[in-house]
file run-v5.cif (mmCIF, C-alpha atoms and all ligand atoms)
data_final
loop_
_atom_site.label_atom_id
_atom_site.label_comp_id
_atom_site.auth_asym_id
_atom_site.auth_seq_id
_atom_site.Cartn_x
_atom_site.Cartn_y
_atom_site.Cartn_z
CA GLU A 24 16.90 -2.70 -24.56
CA GLU A 25 19.09 0.35 -24.78
CA ALA A 26 17.63 1.90 -21.63
CA ARG A 27 17.99 -1.38 -19.76
CA ALA A 28 21.63 -1.73 -20.82
CA ALA A 29 22.36 1.85 -19.73
CA TYR A 30 20.68 1.20 -16.36
CA ALA A 31 22.83 -1.90 -15.85
CA ALA A 32 26.07 -0.29 -17.02
CA ALA A 33 25.64 2.57 -14.55
CA ARG A 34 25.26 0.18 -11.58
CA PRO A 35 28.09 -2.38 -11.45
CA ARG A 36 28.05 -2.61 -7.65
CA SER A 37 24.33 -3.26 -7.51
CA ALA A 38 24.78 -5.90 -10.21
CA ASP A 39 27.53 -7.58 -8.24
CA LEU A 40 25.54 -7.48 -5.00
CA HIS A 41 22.57 -9.00 -6.79
CA ARG A 42 24.73 -11.82 -8.17
CA ARG A 43 26.05 -12.64 -4.70
CA ALA A 44 22.63 -12.28 -3.08
CA THR A 45 21.09 -14.85 -5.43
CA GLU A 46 23.51 -17.41 -3.94
CA VAL A 47 21.71 -17.16 -0.59
CA MET A 48 18.25 -15.79 -1.44
CA PRO A 49 16.05 -16.98 -4.32
CA GLY A 50 15.48 -13.93 -6.51
CA GLY A 51 18.29 -12.07 -4.75
CA ASN A 52 16.24 -10.47 -1.96
CA THR A 53 13.21 -11.14 0.18
CA ARG A 54 10.71 -8.66 -1.26
CA SER A 55 9.10 -9.73 -4.52
CA VAL A 56 8.47 -6.12 -5.59
CA LEU A 57 12.23 -5.61 -5.61
CA ALA A 58 12.92 -8.60 -7.83
CA TYR A 59 12.94 -6.92 -11.23
CA ALA A 60 15.20 -7.20 -14.27
CA PRO A 61 18.02 -6.78 -14.76
CA PHE A 62 18.59 -6.28 -10.99
CA PRO A 63 17.40 -3.78 -8.40
CA ALA A 64 19.41 -0.67 -7.56
CA ALA A 65 20.81 -1.24 -4.05
CA MET A 66 20.50 1.72 -1.72
CA GLN A 67 23.15 2.84 0.69
CA ARG A 68 21.56 5.68 2.61
CA GLY A 69 18.49 7.89 2.92
CA GLU A 70 17.78 11.34 4.28
CA ASP A 71 14.44 13.17 4.18
CA CYS A 72 13.16 12.31 0.69
CA ARG A 73 16.61 11.61 -0.81
CA LEU A 74 18.31 8.29 -1.44
CA TRP A 75 21.83 7.37 -2.48
CA ASP A 76 22.58 4.03 -4.12
CA ILE A 77 25.75 2.00 -3.66
CA ASP A 78 26.87 3.01 -7.16
CA GLY A 79 27.03 6.68 -6.24
CA HIS A 80 23.76 8.01 -7.72
CA ALA A 81 21.45 10.33 -5.80
CA TYR A 82 17.68 10.14 -6.14
CA LEU A 83 14.56 11.95 -5.15
CA ASP A 84 12.57 9.25 -3.34
CA LEU A 85 9.10 9.14 -4.87
CA CYS A 86 8.61 5.47 -4.00
CA GLY A 87 8.06 6.40 -0.38
CA GLU A 88 8.72 2.79 0.65
CA TYR A 89 5.50 1.70 -1.09
CA THR A 90 3.56 4.06 1.26
CA ALA A 91 5.31 2.96 4.47
CA GLY A 92 7.85 5.77 4.16
CA LEU A 93 5.43 8.64 4.69
CA PHE A 94 7.73 10.41 7.14
CA GLY A 95 10.84 10.15 4.99
CA HIS A 96 14.13 8.74 6.19
CA SER A 97 15.12 11.13 8.95
CA GLU A 98 12.10 12.73 10.65
CA PRO A 99 13.71 14.22 13.79
CA ARG A 100 10.74 13.61 16.10
CA ILE A 101 10.65 9.95 15.12
CA HIS A 102 14.41 9.56 15.49
CA LYS A 103 14.23 11.20 18.90
CA VAL A 104 11.50 8.97 20.27
CA LEU A 105 13.19 5.86 18.86
CA HIS A 106 16.47 6.72 20.57
CA ALA A 107 14.70 7.52 23.84
CA THR A 108 12.74 4.28 23.68
CA LEU A 109 15.90 2.26 23.02
CA GLU A 110 17.38 3.72 26.19
CA GLY A 111 14.51 2.10 28.09
CA GLY A 112 15.32 -1.35 26.77
CA ILE A 113 14.29 -3.35 23.73
CA ASN A 114 10.98 -5.14 24.28
CA LEU A 115 10.06 -6.03 27.80
CA ALA A 116 7.82 -9.13 27.51
CA ALA A 117 5.05 -7.04 28.96
CA VAL A 118 2.30 -4.60 28.19
CA GLY A 119 3.35 -1.00 28.14
CA GLN A 120 1.89 2.48 27.95
CA GLY A 121 2.81 2.91 24.31
CA GLU A 122 0.48 0.13 23.22
CA GLU A 123 -2.57 1.67 24.89
CA ARG A 124 -1.66 5.13 23.60
CA LEU A 125 -1.37 4.09 19.96
CA ALA A 126 -4.50 1.90 20.10
CA ARG A 127 -6.49 4.80 21.54
CA LEU A 128 -5.18 7.19 18.91
CA LEU A 129 -6.16 4.89 16.06
CA CYS A 130 -9.59 4.01 17.47
CA GLY A 131 -10.19 7.75 17.78
CA ARG A 132 -9.29 8.34 14.15
CA PHE A 133 -10.80 5.55 12.02
CA PRO A 134 -14.62 5.39 12.13
CA SER A 135 -14.88 1.59 12.03
CA LEU A 136 -12.33 0.92 14.78
CA GLU A 137 -14.08 0.31 18.10
CA ARG A 138 -11.34 -2.13 19.13
CA LEU A 139 -8.08 -3.11 17.48
CA ARG A 140 -5.10 -5.40 17.82
CA PHE A 141 -1.56 -4.96 16.56
CA THR A 142 0.38 -7.26 14.27
CA ASN A 143 3.78 -7.01 12.59
CA SER A 144 2.64 -6.49 9.02
CA GLY A 145 -0.31 -5.74 6.82
CA THR A 146 -0.35 -9.35 5.67
CA GLU A 147 -0.80 -10.60 9.20
CA ALA A 148 -3.47 -7.99 9.88
CA ASN A 149 -5.49 -9.28 6.93
CA LEU A 150 -5.00 -12.91 7.95
CA MET A 151 -6.26 -12.11 11.44
CA ALA A 152 -9.23 -10.10 10.16
CA LEU A 153 -10.29 -12.99 7.94
CA THR A 154 -9.90 -15.35 10.88
CA ALA A 155 -12.05 -13.04 12.99
CA ALA A 156 -14.76 -12.88 10.32
CA ARG A 157 -14.85 -16.64 9.93
CA GLY A 158 -15.01 -17.15 13.67
CA PHE A 159 -17.72 -14.56 14.15
CA THR A 160 -19.97 -15.78 11.35
CA GLY A 161 -19.22 -19.51 11.59
CA ARG A 162 -18.89 -19.41 7.80
CA ASN A 163 -16.01 -19.93 5.39
CA THR A 164 -16.35 -18.26 1.99
CA ILE A 165 -14.42 -15.04 1.46
CA MET A 166 -15.28 -12.67 -1.37
CA VAL A 167 -12.05 -11.19 -2.77
CA MET A 168 -11.38 -8.84 -5.65
CA GLN A 169 -9.56 -9.87 -8.83
CA GLY A 170 -6.47 -7.70 -8.94
CA GLY A 171 -6.51 -7.30 -5.16
CA TYR A 172 -3.47 -7.64 -2.93
CA HIS A 173 -3.62 -8.26 0.80
CA GLY A 174 -0.17 -9.82 1.28
CA GLY A 175 1.90 -12.67 -0.13
CA VAL A 176 -0.48 -15.57 0.43
CA LEU A 177 -3.46 -13.27 -0.14
CA THR A 178 -2.69 -12.26 -3.73
CA PHE A 179 -5.50 -12.41 -6.27
CA PRO A 180 -4.39 -12.00 -9.87
CA LEU A 181 -6.75 -10.70 -12.50
CA ALA A 182 -6.73 -13.95 -14.45
CA GLY A 183 -6.16 -17.45 -13.12
CA PRO A 184 -5.37 -18.61 -9.61
CA SER A 185 -2.49 -17.24 -7.57
CA PRO A 186 0.45 -19.63 -7.41
CA ALA A 187 0.38 -19.49 -3.61
CA THR A 188 -2.95 -18.48 -2.11
CA LEU A 189 -4.11 -19.95 1.17
CA PRO A 190 -6.38 -22.96 0.73
CA LEU A 191 -9.54 -21.07 1.70
CA PRO A 192 -12.78 -20.92 -0.29
CA PHE A 193 -12.10 -17.57 -1.94
CA LEU A 194 -14.71 -16.10 -4.24
CA PRO A 195 -12.92 -13.95 -6.83
CA THR A 196 -15.05 -11.02 -7.91
CA PRO A 197 -14.43 -8.34 -10.56
CA TYR A 198 -13.48 -5.01 -9.03
CA ASN A 199 -15.92 -2.16 -9.52
CA ASP A 200 -18.57 -4.50 -10.93
CA SER A 201 -21.56 -4.04 -8.62
CA ALA A 202 -23.88 -6.30 -10.61
CA GLU A 203 -21.50 -9.25 -10.56
CA ALA A 204 -20.64 -8.72 -6.88
CA THR A 205 -24.36 -8.76 -6.09
CA ARG A 206 -24.93 -11.93 -8.09
CA LEU A 207 -22.00 -13.72 -6.45
CA ALA A 208 -22.79 -12.61 -2.90
CA ARG A 209 -26.40 -13.73 -3.20
CA ALA A 210 -25.40 -17.06 -4.76
CA HIS A 211 -23.05 -17.73 -1.82
CA ALA A 212 -25.01 -15.95 0.90
CA GLN A 213 -25.32 -18.99 3.16
CA ASP A 214 -21.58 -19.45 3.55
CA LEU A 215 -20.28 -15.91 3.02
CA ALA A 216 -18.06 -15.01 5.98
CA ALA A 217 -16.37 -11.89 4.67
CA ILE A 218 -16.04 -9.45 1.82
CA ILE A 219 -12.51 -8.04 1.78
CA VAL A 220 -11.67 -5.10 -0.45
CA GLU A 221 -9.07 -2.40 -0.91
CA PRO A 222 -11.09 0.81 -1.29
CA MET A 223 -8.48 1.68 -3.88
CA LEU A 224 -6.41 -1.07 -5.48
CA GLY A 225 -2.83 -0.22 -4.50
CA GLY A 226 -0.49 -2.80 -6.01
CA GLY A 227 -3.21 -3.41 -8.59
CA GLY A 228 -2.50 -0.04 -10.20
CA CYS A 229 -3.93 2.70 -7.95
CA ILE A 230 -7.45 2.12 -9.25
CA PRO A 231 -10.02 3.68 -6.89
CA ALA A 232 -13.23 1.81 -6.14
CA THR A 233 -16.31 3.74 -7.12
CA LYS A 234 -18.39 4.91 -4.21
CA THR A 235 -21.30 2.96 -5.70
CA PHE A 236 -19.28 -0.26 -5.66
CA LEU A 237 -18.27 0.13 -2.01
CA ALA A 238 -21.82 1.10 -1.04
CA THR A 239 -23.04 -2.03 -2.84
CA LEU A 240 -20.55 -4.18 -0.89
CA ARG A 241 -21.72 -2.51 2.34
CA ALA A 242 -25.35 -3.34 1.50
CA LEU A 243 -24.46 -6.92 0.47
CA ALA A 244 -22.66 -7.51 3.76
CA ASP A 245 -25.72 -6.26 5.64
CA GLU A 246 -28.03 -8.41 3.54
CA THR A 247 -26.00 -11.64 3.84
CA GLY A 248 -24.57 -11.21 7.34
CA ALA A 249 -21.00 -11.26 6.01
CA VAL A 250 -18.32 -9.09 7.60
CA LEU A 251 -17.18 -6.19 5.37
CA ILE A 252 -13.42 -5.69 5.67
CA PHE A 253 -11.63 -2.67 4.21
CA ASP A 254 -7.94 -3.31 3.66
CA GLU A 255 -6.70 0.24 4.27
CA VAL A 256 -3.06 -0.81 4.61
CA MET A 257 -2.23 1.68 1.86
CA THR A 258 -5.29 3.96 1.70
CA SER A 259 -5.48 4.94 5.36
CA ARG A 260 -3.47 8.06 4.43
CA MET A 261 -6.35 9.47 2.37
CA SER A 262 -7.79 11.44 5.29
CA GLY A 263 -7.51 11.63 9.06
CA GLY A 264 -9.86 8.64 9.21
CA GLY A 265 -8.73 6.84 6.08
CA LEU A 266 -10.53 6.45 2.79
CA GLN A 267 -13.56 5.16 4.71
CA ALA A 268 -13.99 8.55 6.36
CA ARG A 269 -13.45 10.42 3.09
CA LEU A 270 -16.14 8.31 1.39
CA GLY A 271 -18.46 8.07 4.37
CA ILE A 272 -18.71 4.28 4.13
CA THR A 273 -17.91 2.39 7.31
CA PRO A 274 -16.84 -1.25 7.09
CA ASP A 275 -17.22 -3.76 9.93
CA MET A 276 -13.46 -4.26 10.11
CA THR A 277 -10.37 -2.39 8.92
CA CYS A 278 -6.80 -3.48 8.36
CA LEU A 279 -3.92 -1.04 8.69
CA GLY A 280 -0.21 -1.21 8.02
CA LYS A 281 2.69 0.61 6.40
CA TYR A 282 3.48 4.17 7.63
CA ILE A 283 1.40 4.05 10.83
CA GLY A 284 4.30 2.64 12.85
CA GLY A 285 6.35 5.70 11.92
CA GLY A 286 8.45 3.54 9.61
CA MET A 287 8.85 0.56 11.97
CA SER A 288 7.23 -2.81 11.14
CA PHE A 289 3.52 -2.37 11.61
CA GLY A 290 0.11 -3.90 11.16
CA ALA A 291 -3.24 -3.65 12.90
CA PHE A 292 -6.73 -5.02 12.46
CA GLY A 293 -9.89 -4.06 14.23
CA GLY A 294 -13.49 -3.04 13.99
CA ARG A 295 -16.78 -3.73 15.68
CA ALA A 296 -16.43 -4.53 19.36
CA ASP A 297 -18.69 -7.61 19.07
CA ILE A 298 -16.48 -9.11 16.35
CA MET A 299 -13.26 -8.27 18.17
CA ALA A 300 -14.58 -9.70 21.45
CA GLN A 301 -13.54 -13.16 20.23
CA PHE A 302 -9.98 -12.23 21.08
CA GLU A 303 -10.81 -11.74 24.76
CA SER A 304 -10.49 -15.48 25.20
CA LYS A 305 -11.87 -17.68 22.44
CA VAL A 306 -9.42 -16.94 19.63
CA PRO A 307 -5.72 -16.83 20.38
CA HIS A 308 -3.65 -14.09 18.86
CA ALA A 309 -0.21 -14.05 20.39
CA GLY A 310 2.66 -12.47 18.54
CA THR A 311 6.01 -11.80 20.08
CA PHE A 312 6.50 -8.46 18.37
CA ASN A 313 2.87 -7.28 18.20
CA ASN A 314 3.45 -4.55 20.78
CA ASN A 315 7.16 -4.02 20.25
CA VAL A 316 8.19 -0.85 22.00
CA LEU A 317 9.82 0.82 19.00
CA THR A 318 6.74 0.56 16.80
CA MET A 319 4.39 1.62 19.59
CA ALA A 320 6.49 4.66 20.46
CA ALA A 321 7.24 5.76 16.91
CA GLY A 322 3.63 5.18 15.87
CA SER A 323 2.26 7.38 18.64
CA VAL A 324 4.48 10.29 17.65
CA ALA A 325 3.89 9.69 13.95
CA MET A 326 0.11 9.65 14.19
CA GLY A 327 -0.37 11.88 17.20
CA GLU A 328 2.03 14.70 16.40
CA ILE A 329 3.03 14.53 12.76
CA PHE A 330 0.43 12.93 10.51
CA THR A 331 -2.54 14.61 12.13
CA ALA A 332 -5.93 14.73 10.40
CA GLU A 333 -5.00 18.20 9.09
CA ALA A 334 -1.68 16.93 7.73
CA ALA A 335 -3.54 14.08 6.02
CA GLU A 336 -5.89 16.53 4.29
CA ALA A 337 -3.00 18.72 3.17
CA LEU A 338 -1.10 15.76 1.72
CA TYR A 339 -4.21 14.56 -0.08
CA ALA A 340 -4.66 17.97 -1.70
CA ARG A 341 -1.00 18.11 -2.76
CA GLY A 342 -1.30 14.71 -4.39
CA GLU A 343 -4.47 15.66 -6.24
CA ALA A 344 -2.77 18.79 -7.57
CA LEU A 345 0.30 16.83 -8.64
CA ARG A 346 -1.75 14.22 -10.50
CA ALA A 347 -3.66 16.94 -12.34
CA ARG A 348 -0.35 18.46 -13.48
CA LEU A 349 0.99 15.08 -14.57
CA ASN A 350 -2.15 14.24 -16.50
CA ALA A 351 -2.05 17.61 -18.23
CA VAL A 352 1.30 16.52 -19.74
CA GLY A 353 -0.20 13.52 -21.54
CA GLU A 354 -3.32 15.42 -22.51
CA ALA A 355 -1.43 18.38 -23.98
CA ALA A 356 0.66 16.01 -26.08
CA GLY A 357 -2.34 13.87 -27.02
CA LEU A 358 -0.48 10.80 -25.78
CA PRO A 359 -1.75 7.71 -23.89
CA LEU A 360 0.19 8.57 -20.75
CA GLY A 361 -1.55 9.31 -17.48
CA PHE A 362 -1.76 8.62 -13.75
CA THR A 363 -4.59 7.05 -11.79
CA GLY A 364 -4.91 7.21 -8.03
CA LEU A 365 -6.14 9.29 -5.16
CA GLY A 366 -4.36 11.93 -3.13
CA SER A 367 -0.69 11.17 -2.64
CA MET A 368 -0.70 7.74 -4.36
CA MET A 369 -0.57 7.33 -8.12
CA THR A 370 0.44 4.89 -10.84
CA VAL A 371 1.35 5.55 -14.46
CA HIS A 372 -0.70 3.93 -17.22
CA PHE A 373 -0.15 3.98 -20.95
CA ARG A 374 -3.71 3.92 -22.18
CA ARG A 375 -6.48 6.33 -22.91
CA PRO A 376 -8.95 6.77 -21.35
CA LEU A 377 -7.31 6.00 -18.03
CA PRO A 378 -8.46 2.66 -16.59
CA ASP A 379 -11.21 2.51 -13.99
CA ARG A 380 -10.76 -1.24 -13.46
CA PRO A 381 -7.72 -3.49 -13.31
CA TYR A 382 -6.77 -4.74 -16.75
CA ALA A 383 -4.44 -7.24 -18.40
CA ALA A 384 -1.61 -5.10 -19.75
CA THR A 385 -0.36 -5.74 -23.27
CA ALA A 386 3.30 -6.56 -23.88
CA GLY A 387 3.63 -3.05 -25.31
CA GLU A 388 2.31 -1.48 -22.13
CA GLU A 389 4.62 -3.61 -20.01
CA GLY A 390 7.55 -2.47 -22.13
CA LEU A 391 6.60 1.18 -21.71
CA ARG A 392 6.29 0.72 -17.96
CA GLU A 393 9.81 -0.68 -17.81
CA LEU A 394 11.14 2.11 -20.03
CA PHE A 395 9.43 4.72 -17.87
CA PHE A 396 11.13 3.27 -14.80
CA PHE A 397 14.58 3.30 -16.42
CA ASP A 398 14.12 6.84 -17.71
CA MET A 399 13.02 8.10 -14.29
CA MET A 400 16.00 6.36 -12.66
CA ALA A 401 18.31 8.00 -15.18
CA ALA A 402 16.74 11.35 -14.22
CA GLY A 403 17.42 10.66 -10.52
CA LEU A 404 13.82 9.84 -9.61
CA TYR A 405 13.27 6.65 -7.62
CA LEU A 406 9.80 5.18 -7.88
CA ALA A 407 8.34 1.70 -7.68
CA ARG A 408 9.24 -0.44 -10.68
CA ARG A 409 5.56 -0.75 -11.56
CA GLY A 410 5.34 3.02 -11.91
CA MET A 411 3.78 3.77 -8.57
CA VAL A 412 4.48 6.95 -6.63
CA ALA A 413 3.68 7.44 -2.94
CA LEU A 414 4.52 10.95 -1.79
CA SER A 415 6.21 11.35 1.55
CA LEU A 416 5.86 14.41 3.77
CA PRO A 417 9.38 15.81 3.12
CA VAL A 418 8.81 16.02 -0.66
CA GLY A 419 8.75 19.72 -1.54
CA GLU A 420 7.28 21.81 -4.36
CA ALA A 421 10.59 22.00 -6.24
CA ASP A 422 10.76 18.18 -6.08
CA LEU A 423 7.31 17.92 -7.60
CA ASP A 424 8.29 20.37 -10.36
CA ARG A 425 11.26 18.17 -11.12
CA PHE A 426 9.05 15.10 -11.43
CA VAL A 427 6.55 16.87 -13.70
CA SER A 428 9.43 18.03 -15.93
CA ALA A 429 10.86 14.51 -16.12
CA VAL A 430 7.48 13.13 -17.16
CA GLY A 431 7.27 15.90 -19.77
CA GLU A 432 10.68 14.94 -21.12
CA PHE A 433 9.64 11.30 -21.23
CA ALA A 434 6.52 12.21 -23.21
CA GLU A 435 8.62 14.21 -25.64
CA SER A 436 11.56 11.88 -26.10
CA ARG A 437 9.50 8.69 -26.24
CA ALA A 438 6.49 10.09 -28.11
CA GLU A 439 6.93 7.78 -31.09
CA LEU A 440 6.75 4.72 -28.80
CA LEU A 441 3.58 5.82 -27.00
N1 LIG B 1 -2.62 -4.93 1.94
C1 LIG B 1 -2.31 -4.00 1.03
C2 LIG B 1 -3.41 -3.22 0.40
C3 LIG B 1 -0.97 -3.76 0.70
O1 LIG B 1 -0.67 -2.85 -0.23
C4 LIG B 1 0.04 -4.51 1.36
C5 LIG B 1 1.47 -4.30 1.06
O2 LIG B 1 1.87 -3.75 0.06
C6 LIG B 1 -0.34 -5.47 2.29
C7 LIG B 1 -1.67 -5.64 2.57
C8 LIG B 1 0.68 -6.30 2.99
O3 LIG B 1 1.34 -5.56 3.95
P1 LIG B 1 2.79 -6.03 4.47
O4 LIG B 1 3.71 -5.85 3.31
O5 LIG B 1 3.09 -5.12 5.61
O6 LIG B 1 2.66 -7.45 4.88
#
call {"tool": "encode", "arguments": {"input": "run-v5.cif", "output": "structure tokens", "more": "lines below"}}
Ligand code: PLP
result
Amino acid sequence: EEARAAYAAARPRSADLHRRATEVMPGGNTRSVLAYAPFPAAMQRGEDCRLWDIDGHAYLDLCGEYTAGLFGHSEPRIHKVLHATLEGGINLAAVGQGEERLARLLCGRFPSLERLRFTNSGTEANLMALTAARGFTGRNTIMVMQGGYHGGVLTFPLAGPSPATLPLPFLPTPYNDSAEATRLARAHAQDLAAIIVEPMLGGGGCIPATKTFLATLRALADETGAVLIFDEVMTSRMSGGGLQARLGITPDMTCLGKYIGGGMSFGAFGGRADIMAQFESKVPHAGTFNNNVLTMAAGSVAMGEIFTAEAAEALYARGEALRARLNAVGEAAGLPLGFTGLGSMMTVHFRRPLPDRPYAATAGEEGLRELFFFDMMAAGLYLARRGMVALSLPVGEADLDRFVSAVGEFAESRAELL
């Protein structure tokens, strides 16, 4: 309560903006992740990995725009190509060279991508991939993971139905439970169109899938004729070819999003050429902004020149090292405080041992998560309200030291609550 009151008292302008915003937008903004109590801190400006809010506080940006902000807020090569592209006119109602360039780059990088198509968001990419799988197989049922997130109308809570899922025959399946996935897939084999899975749950708490689980899903798709879809909207950063390349498991289709457009709106779905061939004529997929020139241009520079396969490996290693340091804090203090994740993505959890499956958090854990957020904000560290960190490329070693120290201080000052 005290931490929440201090957070609110330090941000009168954000509070006022939130009050006015609720008059025109339910919840006060149009991104559910930013609708948290008492109100979200409103940002004014960003530079590299720094942010400044409208109340005059400066932050180290560890949220990394929920993984879409990989390049930070002012990457000069991205700014340059965006300005140059603007000079050539905004969107031209036509194909352009940028579209072919980015598609070729991505097909060359991700093992499962023989062909791809662009969308405007990760949500749309997943919707189109599911459409493709249903069209290709002539079946309807879609195996999804409890705790999985593939976009607003593709949200699958751990318990109970989502308040707003599409009316499709979804088959909720426990994450990392190979036996149950096998039982369910076989029971529904006749109508199973697709198995869609995040190879690491992102919004669901940065819980990696075990290699065994993904290999089981791969085998089940082969056995039943269903299309295996990896939603790599968040995890594509885990190597030059995504988490699929790191694990050596190739799905039939892959969905991409977030940072790949260099920070511009982005989504893409693709995979086996025979599945994607439906879009040559049979299945329509128009989309006014699918090939918008800013995304295509920024994405080519982002993926071709900046986030190369080598850069992806280096970032992965930095993230692994950071998580080890953070987890040493909780271990040294003997406290239930630790971070799950892979590479440059991680989420705080207040339980021991660290979870290897999504779980229903207790009220106590929820309270600690909120307190952790307020304490980090007070220390000038901006991360996702749910305690997720996504490192961006401009974050330096001194920044990481600062974060580790802040977590150490949290462990010390809040030890009696943990
Ligand atoms: N899939 C995953 C795994 C995501 O994490 C997200 C967004 O957080 C999406 C899909 C939806 O992407 P977008 O927000 O671009 O619609």
call {"tool": "residues_around", "arguments": {"input": "run-v5.cif", "residues": "Gly322 (chain A)", "least_positions_apart": "5", "cutoff": "9 Å", "atoms": "all atoms listed in the file", "output": "PyMOL selection string"}}
result
chain A and resi 101+121+125+282-287+289+317+327
call {"tool": "residues_around", "arguments": {"input": "run-v5.cif", "residues": "Asp78 (chain A)", "least_positions_apart": "6", "cutoff": "10 Å", "atoms": "all atoms listed in the file", "output": "ChimeraX atom specification"}}
result
/A:33-38,64-67
call {"tool": "residues_near_ligand", "arguments": {"input": "run-v5.cif", "ligand": "ligand LIG 1 (chain B)", "cutoff": "7 Å", "atoms": "only C-alpha atoms and all ligand atoms", "output": "PyMOL selection string"}}
result
chain A and resi 89+144-147+149+172-174+221+224-226+254-257+280-281+289-290
call {"tool": "atom_distance", "arguments": {"input": "run-v5.cif", "atom1": "CA of Leu394 (chain A)", "atom2": "CA of Pro417 (chain A)"}}
result
27.0 Å
call {"tool": "atom_distance", "arguments": {"input": "run-v5.cif", "atom1": "CA of Thr160 (chain A)", "atom2": "CA of Arg209 (chain A)"}}
result
16.0 Å
call {"tool": "closest_residue", "arguments": {"input": "run-v5.cif", "among": "A:Leu237, A:Ala320, A:Cys130, A:Ala296", "to": "Gly271 (chain A)", "atoms": "all atoms listed in the file"}}
result
A:Leu237
call {"tool": "residues_around", "arguments": {"input": "run-v5.cif", "residues": "Pro99 (chain A)", "least_positions_apart": "5", "cutoff": "12 Å", "atoms": "only C-alpha atoms", "output": "VMD selection string"}}
result
chain A and resid 70 to 71 94 104 to 106 285 321 324 to 325 328 to 329 417
call {"tool": "write_last_selection", "arguments": {"input": "run-v5.cif", "atoms": "C-alpha atoms", "output": "PDB file, in the frame of the given file"}}
result
ATOM      1  CA  GLU A  70      17.780  11.340   4.280  1.00  0.00           C
ATOM      2  CA  ASP A  71      14.440  13.170   4.180  1.00  0.00           C
ATOM      3  CA  PHE A  94       7.730  10.410   7.140  1.00  0.00           C
ATOM      4  CA  VAL A 104      11.500   8.970  20.270  1.00  0.00           C
ATOM      5  CA  LEU A 105      13.190   5.860  18.860  1.00  0.00           C
ATOM      6  CA  HIS A 106      16.470   6.720  20.570  1.00  0.00           C
ATOM      7  CA  GLY A 285       6.350   5.700  11.920  1.00  0.00           C
ATOM      8  CA  ALA A 321       7.240   5.760  16.910  1.00  0.00           C
ATOM      9  CA  VAL A 324       4.480  10.290  17.650  1.00  0.00           C
ATOM     10  CA  ALA A 325       3.890   9.690  13.950  1.00  0.00           C
ATOM     11  CA  GLU A 328       2.030  14.700  16.400  1.00  0.00           C
ATOM     12  CA  ILE A 329       3.030  14.530  12.760  1.00  0.00           C
ATOM     13  CA  PRO A 417       9.380  15.810   3.120  1.00  0.00           C
TER      14      PRO A 417
END
call {"tool": "residues_around", "arguments": {"input": "run-v5.cif", "residues": "region 176-186 of chain A", "least_positions_apart": "3", "cutoff": "10 Å", "atoms": "all atoms listed in the file", "output": "PyMOL selection string"}}
result
chain A and resi 146+149-150+167-173+189-190+193+195-198+226-227+381-383
call {"tool": "residues_near_point", "arguments": {"input": "run-v5.cif", "point": "(-18.6, -17.3, -4.5)", "cutoff": "6 Å", "atoms": "all atoms listed in the file", "output": "list in words"}}
result
Leu194, Leu207 and His211 of chain A
call {"tool": "write_last_selection", "arguments": {"input": "run-v5.cif", "atoms": "C-alpha atoms", "output": "short mmCIF file (atom, residue, chain, number, x, y, z; two decimals), in the frame of the given file"}}
result
data_model
loop_
_atom_site.label_atom_id
_atom_site.label_comp_id
_atom_site.auth_asym_id
_atom_site.auth_seq_id
_atom_site.Cartn_x
_atom_site.Cartn_y
_atom_site.Cartn_z
CA LEU A 194 -14.71 -16.10 -4.24
CA LEU A 207 -22.00 -13.72 -6.45
CA HIS A 211 -23.05 -17.73 -1.82
#
call {"tool": "residues_near_point", "arguments": {"input": "run-v5.cif", "point": "(-6.5, -1.0, 10.0)", "cutoff": "6 Å", "atoms": "all atoms listed in the file", "output": "NGL selection string"}}
result
:A and (255 or 277-279 or 291-292)
call {"tool": "residues_around", "arguments": {"input": "run-v5.cif", "residues": "Gly353 (chain A)", "least_positions_apart": "3", "cutoff": "12 Å", "atoms": "all atoms listed in the file", "output": "PyMOL selection string"}}
result
chain A and resi 346-350+356-362+371-377+427+430-435+437-438+441
call {"tool": "atom_distance", "arguments": {"input": "run-v5.cif", "atom1": "CA of Leu40 (chain A)", "atom2": "CA of Pro61 (chain A)"}}
result
12.3 Å
call {"tool": "closest_residue", "arguments": {"input": "run-v5.cif", "among": "A:Val118, A:Leu338, A:Ala28, A:Leu191", "to": "Leu93 (chain A)", "atoms": "all atoms listed in the file"}}
result
A:Leu338
call {"tool": "closest_residue", "arguments": {"input": "run-v5.cif", "among": "A:Ile165, A:Ile272, A:Ala232, A:Ala413", "to": "Val250 (chain A)", "atoms": "all atoms listed in the file"}}
result
A:Ile165
call {"tool": "axis_aligned_box", "arguments": {"input": "run-v5.cif", "around": "region 34-41 of chain A", "padding_each_side": "6 Å", "output": "AutoDock Vina command-line options"}}
result
--center_x 25.3 --center_y -4.4 --center_z -8.3 --size_x 17.5 --size_y 21.2 --size_z 18.6
call {"tool": "closest_residue", "arguments": {"input": "run-v5.cif", "among": "A:Met319, A:Ala58, A:Ala156, A:Ala238", "to": "Leu215 (chain A)", "atoms": "all atoms listed in the file"}}
result
A:Ala156
call {"tool": "closest_residue", "arguments": {"input": "run-v5.cif", "among": "A:Arg42, A:Arg162, A:Arg269, A:His96", "to": "Arg73 (chain A)", "atoms": "all atoms listed in the file"}}
result
A:His96
call {"tool": "closest_residue", "arguments": {"input": "run-v5.cif", "among": "A:Ala402, A:Ala32, A:Leu115, A:Ala334", "to": "Phe312 (chain A)", "atoms": "only C-alpha atoms"}}
result
A:Leu115
